[in-house]
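Just protein21.pdb here, PDB, C-alpha atoms, pLDDT in the B column:
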```pdb
MODEL        1
ATOM      1  CA  MET A   1      13.980 -17.002   3.433  1.00 52.00           C
ATOM      2  CA  LYS A   2      14.930 -13.795   5.242  1.00 62.00           C
ATOM      3  CA  PRO A   3      14.200 -10.641   3.216  1.00 63.00           C
ATOM      4  CA  THR A   4      17.152  -8.495   2.191  1.00 65.00           C
ATOM      5  CA  LYS A   5      17.636  -4.964   3.482  1.00 68.00           C
ATOM      6  CA  LEU A   6      16.498  -3.605   0.106  1.00 64.00           C
ATOM      7  CA  GLN A   7      13.305  -5.684   0.275  1.00 68.00           C
ATOM      8  CA  GLU A   8      12.637  -4.500   3.844  1.00 74.00           C
ATOM      9  CA  PHE A   9      13.225  -0.896   2.770  1.00 72.00           C
ATOM     10  CA  ASN A  10      10.863  -1.281  -0.190  1.00 71.00           C
ATOM     11  CA  GLU A  11       8.178  -2.853   2.012  1.00 76.00           C
ATOM     12  CA  LYS A  12       8.372   0.111   4.410  1.00 79.00           C
ATOM     13  CA  ARG A  13       8.328   2.538   1.491  1.00 76.00           C
ATOM     14  CA  ILE A  14       5.282   0.805   0.006  1.00 76.00           C
ATOM     15  CA  GLY A  15       3.515   0.932   3.383  1.00 77.00           C
ATOM     16  CA  ARG A  16       4.168   4.655   3.836  1.00 78.00           C
ATOM     17  CA  MET A  17       3.173   5.460   0.280  1.00 76.00           C
ATOM     18  CA  ALA A  18      -0.042   3.427   0.486  1.00 77.00           C
ATOM     19  CA  LYS A  19      -0.999   4.970   3.840  1.00 78.00           C
ATOM     20  CA  ASN A  20      -0.509   8.522   2.562  1.00 77.00           C
ATOM     21  CA  CYS A  21      -2.376   7.862  -0.682  1.00 78.00           C
ATOM     22  CA  ALA A  22      -5.270   6.183   1.135  1.00 77.00           C
ATOM     23  CA  GLU A  23      -5.592   9.104   3.565  1.00 79.00           C
ATOM     24  CA  MET A  24      -5.538  11.593   0.695  1.00 76.00           C
ATOM     25  CA  LEU A  25      -8.142   9.646  -1.290  1.00 76.00           C
ATOM     26  CA  CYS A  26     -10.485   9.335   1.715  1.00 76.00           C
ATOM     27  CA  ARG A  27     -10.167  13.067   2.465  1.00 76.00           C
ATOM     28  CA  LEU A  28     -10.869  13.975  -1.164  1.00 73.00           C
ATOM     29  CA  HIS A  29     -14.060  11.965  -1.179  1.00 77.00           C
ATOM     30  CA  GLY A  30     -15.137  12.780   2.373  1.00 79.00           C
ATOM     31  CA  LYS A  31     -14.902   9.186   3.552  1.00 75.00           C
ATOM     32  CA  ASN A  32     -14.315   8.740   7.268  1.00 75.00           C
ATOM     33  CA  ASN A  33     -15.134   5.045   7.373  1.00 76.00           C
ATOM     34  CA  VAL A  34     -12.293   2.702   8.407  1.00 77.00           C
ATOM     35  CA  GLY A  35     -13.444   0.135   5.814  1.00 79.00           C
ATOM     36  CA  ASP A  36     -13.090   2.642   2.971  1.00 76.00           C
ATOM     37  CA  TYR A  37      -9.620   3.556   4.204  1.00 74.00           C
ATOM     38  CA  ASN A  38      -8.526  -0.101   4.388  1.00 78.00           C
ATOM     39  CA  ILE A  39      -9.791  -0.822   0.865  1.00 79.00           C
ATOM     40  CA  ALA A  40      -7.985   2.233  -0.524  1.00 77.00           C
ATOM     41  CA  GLU A  41      -4.781   1.288   1.298  1.00 78.00           C
ATOM     42  CA  GLU A  42      -4.844  -2.276  -0.093  1.00 80.00           C
ATOM     43  CA  ILE A  43      -5.367  -0.951  -3.621  1.00 79.00           C
ATOM     44  CA  PHE A  44      -2.388   1.376  -3.261  1.00 78.00           C
ATOM     45  CA  ILE A  45      -0.200  -1.380  -1.783  1.00 77.00           C
ATOM     46  CA  HIS A  46      -0.840  -3.617  -4.799  1.00 76.00           C
ATOM     47  CA  PHE A  47      -0.272  -0.701  -7.168  1.00 78.00           C
ATOM     48  CA  ALA A  48       2.996   0.312  -5.489  1.00 75.00           C
ATOM     49  CA  LYS A  49       4.316  -3.271  -5.527  1.00 74.00           C
ATOM     50  CA  ASP A  50       3.559  -3.545  -9.244  1.00 74.00           C
ATOM     51  CA  VAL A  51       5.297  -0.230  -9.934  1.00 72.00           C
ATOM     52  CA  LEU A  52       8.384  -1.177  -7.917  1.00 68.00           C
ATOM     53  CA  LYS A  53       8.543  -4.604  -9.596  1.00 67.00           C
ATOM     54  CA  SER A  54       8.410  -3.055 -13.060  1.00 64.00           C
ATOM     55  CA  ILE A  55      11.105  -0.543 -12.102  1.00 62.00           C
ATOM     56  CA  TRP A  56      13.265  -3.356 -10.660  1.00 60.00           C
ATOM     57  CA  ASP A  57      12.863  -5.381 -13.861  1.00 60.00           C
ATOM     58  CA  GLU A  58      13.977  -2.377 -15.918  1.00 59.00           C
ATOM     59  CA  LEU A  59      17.137  -1.762 -13.867  1.00 59.00           C
ATOM     60  CA  PRO A  60      20.408  -2.897 -15.373  1.00 61.00           C
ATOM     61  CA  ASN A  61      21.870  -5.870 -13.492  1.00 66.00           C
ATOM     62  CA  ARG A  62      24.942  -3.901 -12.430  1.00 61.00           C
ATOM     63  CA  GLU A  63      22.654  -1.553 -10.477  1.00 63.00           C
ATOM     64  CA  LYS A  64      21.070  -4.438  -8.584  1.00 67.00           C
ATOM     65  CA  THR A  65      22.374  -5.752  -5.294  1.00 71.00           C
ATOM     66  CA  ALA A  66      22.976  -9.458  -5.682  1.00 77.00           C
ATOM     67  CA  THR A  67      22.266 -11.663  -2.693  1.00 81.00           C
ATOM     68  CA  PHE A  68      24.411 -14.719  -3.159  1.00 82.00           C
ATOM     69  CA  SER A  69      22.403 -17.023  -0.916  1.00 82.00           C
ATOM     70  CA  VAL A  70      21.335 -20.043  -2.994  1.00 85.00           C
ATOM     71  CA  GLU A  71      23.506 -23.149  -3.117  1.00 87.00           C
ATOM     72  CA  LEU A  72      24.892 -24.036  -6.521  1.00 86.00           C
ATOM     73  CA  PRO A  73      22.867 -26.750  -8.274  1.00 87.00           C
ATOM     74  CA  ASP A  74      24.326 -30.078  -9.386  1.00 87.00           C
ATOM     75  CA  TYR A  75      23.505 -29.234 -12.998  1.00 88.00           C
ATOM     76  CA  GLY A  76      24.667 -26.256 -15.037  1.00 88.00           C
ATOM     77  CA  ASP A  77      28.173 -25.151 -15.980  1.00 90.00           C
ATOM     78  CA  LEU A  78      30.121 -23.014 -13.528  1.00 91.00           C
ATOM     79  CA  MET A  79      32.591 -20.677 -15.221  1.00 91.00           C
ATOM     80  CA  THR A  80      34.558 -17.578 -14.329  1.00 91.00           C
ATOM     81  CA  VAL A  81      33.326 -14.193 -15.468  1.00 90.00           C
ATOM     82  CA  ARG A  82      36.364 -13.910 -17.750  1.00 92.00           C
ATOM     83  CA  ARG A  83      35.564 -17.214 -19.492  1.00 93.00           C
ATOM     84  CA  PHE A  84      31.864 -16.313 -19.778  1.00 91.00           C
ATOM     85  CA  LYS A  85      32.635 -12.915 -21.343  1.00 90.00           C
ATOM     86  CA  ALA A  86      35.096 -14.486 -23.780  1.00 91.00           C
ATOM     87  CA  ALA A  87      32.471 -17.040 -24.874  1.00 90.00           C
ATOM     88  CA  CYS A  88      29.893 -14.283 -25.382  1.00 88.00           C
ATOM     89  CA  GLU A  89      32.286 -12.031 -27.311  1.00 88.00           C
ATOM     90  CA  SER A  90      33.342 -14.880 -29.608  1.00 89.00           C
ATOM     91  CA  GLY A  91      29.723 -15.793 -30.343  1.00 86.00           C
ATOM     92  CA  SER A  92      29.911 -19.185 -28.622  1.00 88.00           C
ATOM     93  CA  PHE A  93      26.965 -18.166 -26.435  1.00 88.00           C
ATOM     94  CA  VAL A  94      23.931 -16.341 -27.817  1.00 86.00           C
ATOM     95  CA  ASP A  95      20.633 -15.539 -26.104  1.00 85.00           C
ATOM     96  CA  TYR A  96      18.936 -18.475 -27.793  1.00 86.00           C
ATOM     97  CA  ASP A  97      21.420 -20.953 -26.234  1.00 87.00           C
ATOM     98  CA  GLY A  98      20.337 -20.388 -22.632  1.00 89.00           C
ATOM     99  CA  SER A  99      20.965 -18.126 -19.662  1.00 90.00           C
ATOM    100  CA  GLY A 100      22.776 -18.052 -16.360  1.00 91.00           C
ATOM    101  CA  HIS A 101      22.793 -16.651 -12.857  1.00 91.00           C
ATOM    102  CA  PRO A 102      25.500 -14.596 -11.164  1.00 90.00           C
ATOM    103  CA  VAL A 103      27.639 -16.388  -8.592  1.00 91.00           C
ATOM    104  CA  GLY A 104      29.718 -14.789  -5.862  1.00 89.00           C
ATOM    105  CA  ARG A 105      31.049 -15.255  -2.387  1.00 84.00           C
ATOM    106  CA  ALA A 106      28.324 -15.683   0.213  1.00 75.00           C
ATOM    107  CA  SER A 107      28.323 -13.105   2.956  1.00 65.00           C
ATOM    108  CA  ILE A 108      29.416 -14.400   6.338  1.00 55.00           C
ATOM    109  CA  ASP A 109      26.247 -13.196   8.050  1.00 53.00           C
ATOM    110  CA  HIS A 110      24.107 -15.545   5.947  1.00 48.00           C
ATOM    111  CA  ALA A 111      22.892 -18.276   8.315  1.00 48.00           C
ATOM    112  CA  SER A 112      23.636 -21.241   6.055  1.00 49.00           C
ATOM    113  CA  CYS A 113      27.222 -20.055   5.518  1.00 48.00           C
ATOM    114  CA  LEU A 114      28.314 -19.678   9.137  1.00 47.00           C
ATOM    115  CA  ASP A 115      29.341 -23.278   9.716  1.00 50.00           C
ATOM    116  CA  MET A 116      31.055 -23.536   6.320  1.00 50.00           C
ATOM    117  CA  ALA A 117      32.737 -20.139   6.601  1.00 46.00           C
ATOM    118  CA  ILE A 118      35.090 -20.838   9.485  1.00 49.00           C
ATOM    119  CA  ARG A 119      37.512 -23.732   9.200  1.00 51.00           C
ATOM    120  CA  ASN A 120      40.491 -23.980  11.527  1.00 51.00           C
ATOM    121  CA  GLY A 121      40.088 -20.325  12.430  1.00 51.00           C
ATOM    122  CA  VAL A 122      40.304 -19.249   8.767  1.00 52.00           C
ATOM    123  CA  VAL A 123      37.341 -17.521   7.194  1.00 51.00           C
ATOM    124  CA  LYS A 124      36.485 -19.199   3.902  1.00 57.00           C
ATOM    125  CA  ARG A 125      33.366 -18.036   2.118  1.00 63.00           C
ATOM    126  CA  THR A 126      31.588 -20.423  -0.211  1.00 80.00           C
ATOM    127  CA  LEU A 127      30.277 -19.673  -3.682  1.00 86.00           C
ATOM    128  CA  ARG A 128      26.533 -19.098  -3.898  1.00 88.00           C
ATOM    129  CA  MET A 129      24.267 -17.907  -6.694  1.00 87.00           C
ATOM    130  CA  ASP A 130      21.497 -15.329  -6.936  1.00 87.00           C
ATOM    131  CA  GLN A 131      18.663 -16.998  -8.824  1.00 85.00           C
ATOM    132  CA  SER A 132      16.559 -13.833  -8.898  1.00 83.00           C
ATOM    133  CA  ILE A 133      18.899 -12.248 -11.489  1.00 85.00           C
ATOM    134  CA  THR A 134      19.113 -13.825 -14.936  1.00 86.00           C
ATOM    135  CA  ILE A 135      22.125 -13.173 -17.149  1.00 87.00           C
ATOM    136  CA  ARG A 136      21.839 -13.492 -20.929  1.00 87.00           C
ATOM    137  CA  PRO A 137      24.817 -13.486 -23.291  1.00 88.00           C
ATOM    138  CA  SER A 138      23.727 -10.144 -24.761  1.00 84.00           C
ATOM    139  CA  GLU A 139      24.071  -8.679 -21.222  1.00 81.00           C
ATOM    140  CA  TYR A 140      27.555 -10.071 -20.538  1.00 82.00           C
ATOM    141  CA  ASP A 141      28.878  -6.631 -19.578  1.00 81.00           C
ATOM    142  CA  ASP A 142      25.944  -5.996 -17.230  1.00 80.00           C
ATOM    143  CA  LEU A 143      26.833  -8.124 -14.186  1.00 85.00           C
ATOM    144  CA  PRO A 144      25.935  -7.252 -10.573  1.00 85.00           C
ATOM    145  CA  LYS A 145      28.694  -6.174  -8.222  1.00 83.00           C
ATOM    146  CA  GLY A 146      30.470  -9.029  -6.508  1.00 84.00           C
ATOM    147  CA  THR A 147      29.959 -11.515  -9.345  1.00 88.00           C
ATOM    148  CA  THR A 148      32.974 -13.802  -9.676  1.00 88.00           C
ATOM    149  CA  HIS A 149      31.433 -16.655 -11.652  1.00 90.00           C
ATOM    150  CA  ILE A 150      28.407 -17.475 -13.810  1.00 91.00           C
ATOM    151  CA  VAL A 151      26.429 -20.687 -13.576  1.00 92.00           C
ATOM    152  CA  TRP A 152      25.219 -21.364 -17.125  1.00 92.00           C
ATOM    153  CA  PHE A 153      22.139 -23.362 -18.072  1.00 91.00           C
ATOM    154  CA  ASN A 154      21.734 -24.546 -21.665  1.00 88.00           C
ATOM    155  CA  ARG A 155      18.292 -24.400 -23.136  1.00 83.00           C
TER     156      ARG A 155
ENDMDL
END
```

For this file, write the structure as structure tokens.
Amino acid sequence: MKPTKLQEFNEKRIGRMAKNCAEMLCRLHGKNNVGDYNIAEEIFIHFAKDVLKSIWDELPNREKTATFSVELPDYGDLMTVRRFKAACESGSFVDYDGSGHPVGRASIDHASCLDMAIRNGVVKRTLRMDQSITIRPSEYDDLPKGTTHIVWFNR
């Protein structure tokens, strides 16, 4: 699966951060050995990835960029955002019942959507889900941009 622009940016940021930290650590301790530098850089790469993952997990969903790239499964209930919010507000769905994933229109540049996107010269984008973002009923107002539907999975 091709990494998103945000993932590529974070990988570059992690690389720069790890390189700078490793150089600083080696200078502080007077280490000029390439092996010491490589070990320090690997430690900082793992540390930076853990920090970025924890920050990403703390972000509200509406701040995340959803990548609608996964085909909808045969199971689960597909519903509009309006219907999902109404069910959550009325108490029909609670966190114990299950969770869902945001669904939106796949971008045209996504490789698996190109053949499906153009029919008779008309661009028609298919619905896809982002399985990396989980939506719970208590977070019904916290949906990523571009979400048009929710695919709901009962527990």

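Coordinates place atom CA of A:Pro144 at a distance of 6.1 Å from atom CA of A:Ala66.
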
Inset, instruction - List the residues selected by the PyMOL selection byres ((chain A and resi 102) around 10) in the file shown, writing them as a ChimeraX atom specification. - result: /A:61,66-68,78,81,100-101,103-104,128-135,143-152

Let me see the file: selected residues, C-alpha atoms, as a compact mmCIF listing (two decimals), in the coordinates of the input.
```txt
# COMPACT_ATOMS: atom_id res chain seq x y z
CA ASN A 61 21.87 -5.87 -13.49
CA ALA A 66 22.98 -9.46 -5.68
CA THR A 67 22.27 -11.66 -2.69
CA PHE A 68 24.41 -14.72 -3.16
CA LEU A 78 30.12 -23.01 -13.53
CA VAL A 81 33.33 -14.19 -15.47
CA GLY A 100 22.78 -18.05 -16.36
CA HIS A 101 22.79 -16.65 -12.86
CA VAL A 103 27.64 -16.39 -8.59
CA GLY A 104 29.72 -14.79 -5.86
CA ARG A 128 26.53 -19.10 -3.90
CA MET A 129 24.27 -17.91 -6.69
CA ASP A 130 21.50 -15.33 -6.94
CA GLN A 131 18.66 -17.00 -8.82
CA SER A 132 16.56 -13.83 -8.90
CA ILE A 133 18.90 -12.25 -11.49
CA THR A 134 19.11 -13.82 -14.94
CA ILE A 135 22.12 -13.17 -17.15
CA LEU A 143 26.83 -8.12 -14.19
CA PRO A 144 25.94 -7.25 -10.57
CA LYS A 145 28.69 -6.17 -8.22
CA GLY A 146 30.47 -9.03 -6.51
CA THR A 147 29.96 -11.52 -9.35
CA THR A 148 32.97 -13.80 -9.68
CA HIS A 149 31.43 -16.66 -11.65
CA ILE A 150 28.41 -17.48 -13.81
CA VAL A 151 26.43 -20.69 -13.58
CA TRP A 152 25.22 -21.36 -17.12
```

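Between atom CA of A:Asp77 and atom CA of A:Ser99 there is a distance of 10.7 Å.
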
Selection result of the PyMOL selection byres ((chain A and resi 138) around 10) on this file, as a CSV table (one decimal) with C-alpha atoms, in the coordinates of the input:
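Result written to expr.csv:
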```csv
chain,number,residue,atom,x,y,z
A,85,LYS,CA,32.6,-12.9,-21.3
A,88,CYS,CA,29.9,-14.3,-25.4
A,89,GLU,CA,32.3,-12.0,-27.3
A,91,GLY,CA,29.7,-15.8,-30.3
A,93,PHE,CA,27.0,-18.2,-26.4
A,94,VAL,CA,23.9,-16.3,-27.8
A,95,ASP,CA,20.6,-15.5,-26.1
A,99,SER,CA,21.0,-18.1,-19.7
A,135,ILE,CA,22.1,-13.2,-17.1
A,136,ARG,CA,21.8,-13.5,-20.9
A,137,PRO,CA,24.8,-13.5,-23.3
A,139,GLU,CA,24.1,-8.7,-21.2
A,140,TYR,CA,27.6,-10.1,-20.5
A,141,ASP,CA,28.9,-6.6,-19.6
A,142,ASP,CA,25.9,-6.0,-17.2
```

Inset, instruction - For atom CA of A:Asn38 and atom CA of A:Ala18, determine how far apart the two atoms are, in Å to one decimal place. - result: 10.0 Å

Expanded to explicit residues, what is the PyMOL selection byres ((chain A and resi 155) around 9) for this file, as a short mmCIF file (atom, residue, chain, number, x, y, z; two decimals) with C-alpha atoms, in the frame of the given file?
```cif
data_model
loop_
_atom_site.label_atom_id
_atom_site.label_comp_id
_atom_site.auth_asym_id
_atom_site.auth_seq_id
_atom_site.Cartn_x
_atom_site.Cartn_y
_atom_site.Cartn_z
CA TYR A 96 18.94 -18.48 -27.79
CA ASP A 97 21.42 -20.95 -26.23
CA GLY A 98 20.34 -20.39 -22.63
CA SER A 99 20.96 -18.13 -19.66
CA PHE A 153 22.14 -23.36 -18.07
CA ASN A 154 21.73 -24.55 -21.66
#
```

Legend entry - Selection: 9 Å around A:Glu41, all atoms listed in the file, excl. self and same-chain fewer than 6 positions, as a list in words: Gly15, Ala18, Lys19, Asn20, Cys21, Ala22 and Glu23 of chain A

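Of the listed residues (A:Ser90, A:Asn10, A:Thr126, A:Asn32), A:Thr126 comes nearest to A:Ser69; the distances count all atoms listed in the file.
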
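For the set A:Ala48, A:Tyr37, A:Ile43, A:Tyr75, the residue with the smallest atom-to-atom gap to A:Met17 is A:Ala48, counting all atoms listed in the file.
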
Which centre and which edge lengths, in Å to one decimal, describe the axis-aligned box that holds all listed atoms of stretch 92-108 of chain A after 8 Å is added on each side, as JSON?
```
{"center_x": 25.0, "center_y": -17.0, "center_z": -11.1, "size_x": 28.1, "size_y": 23.8, "size_z": 51.0}
```
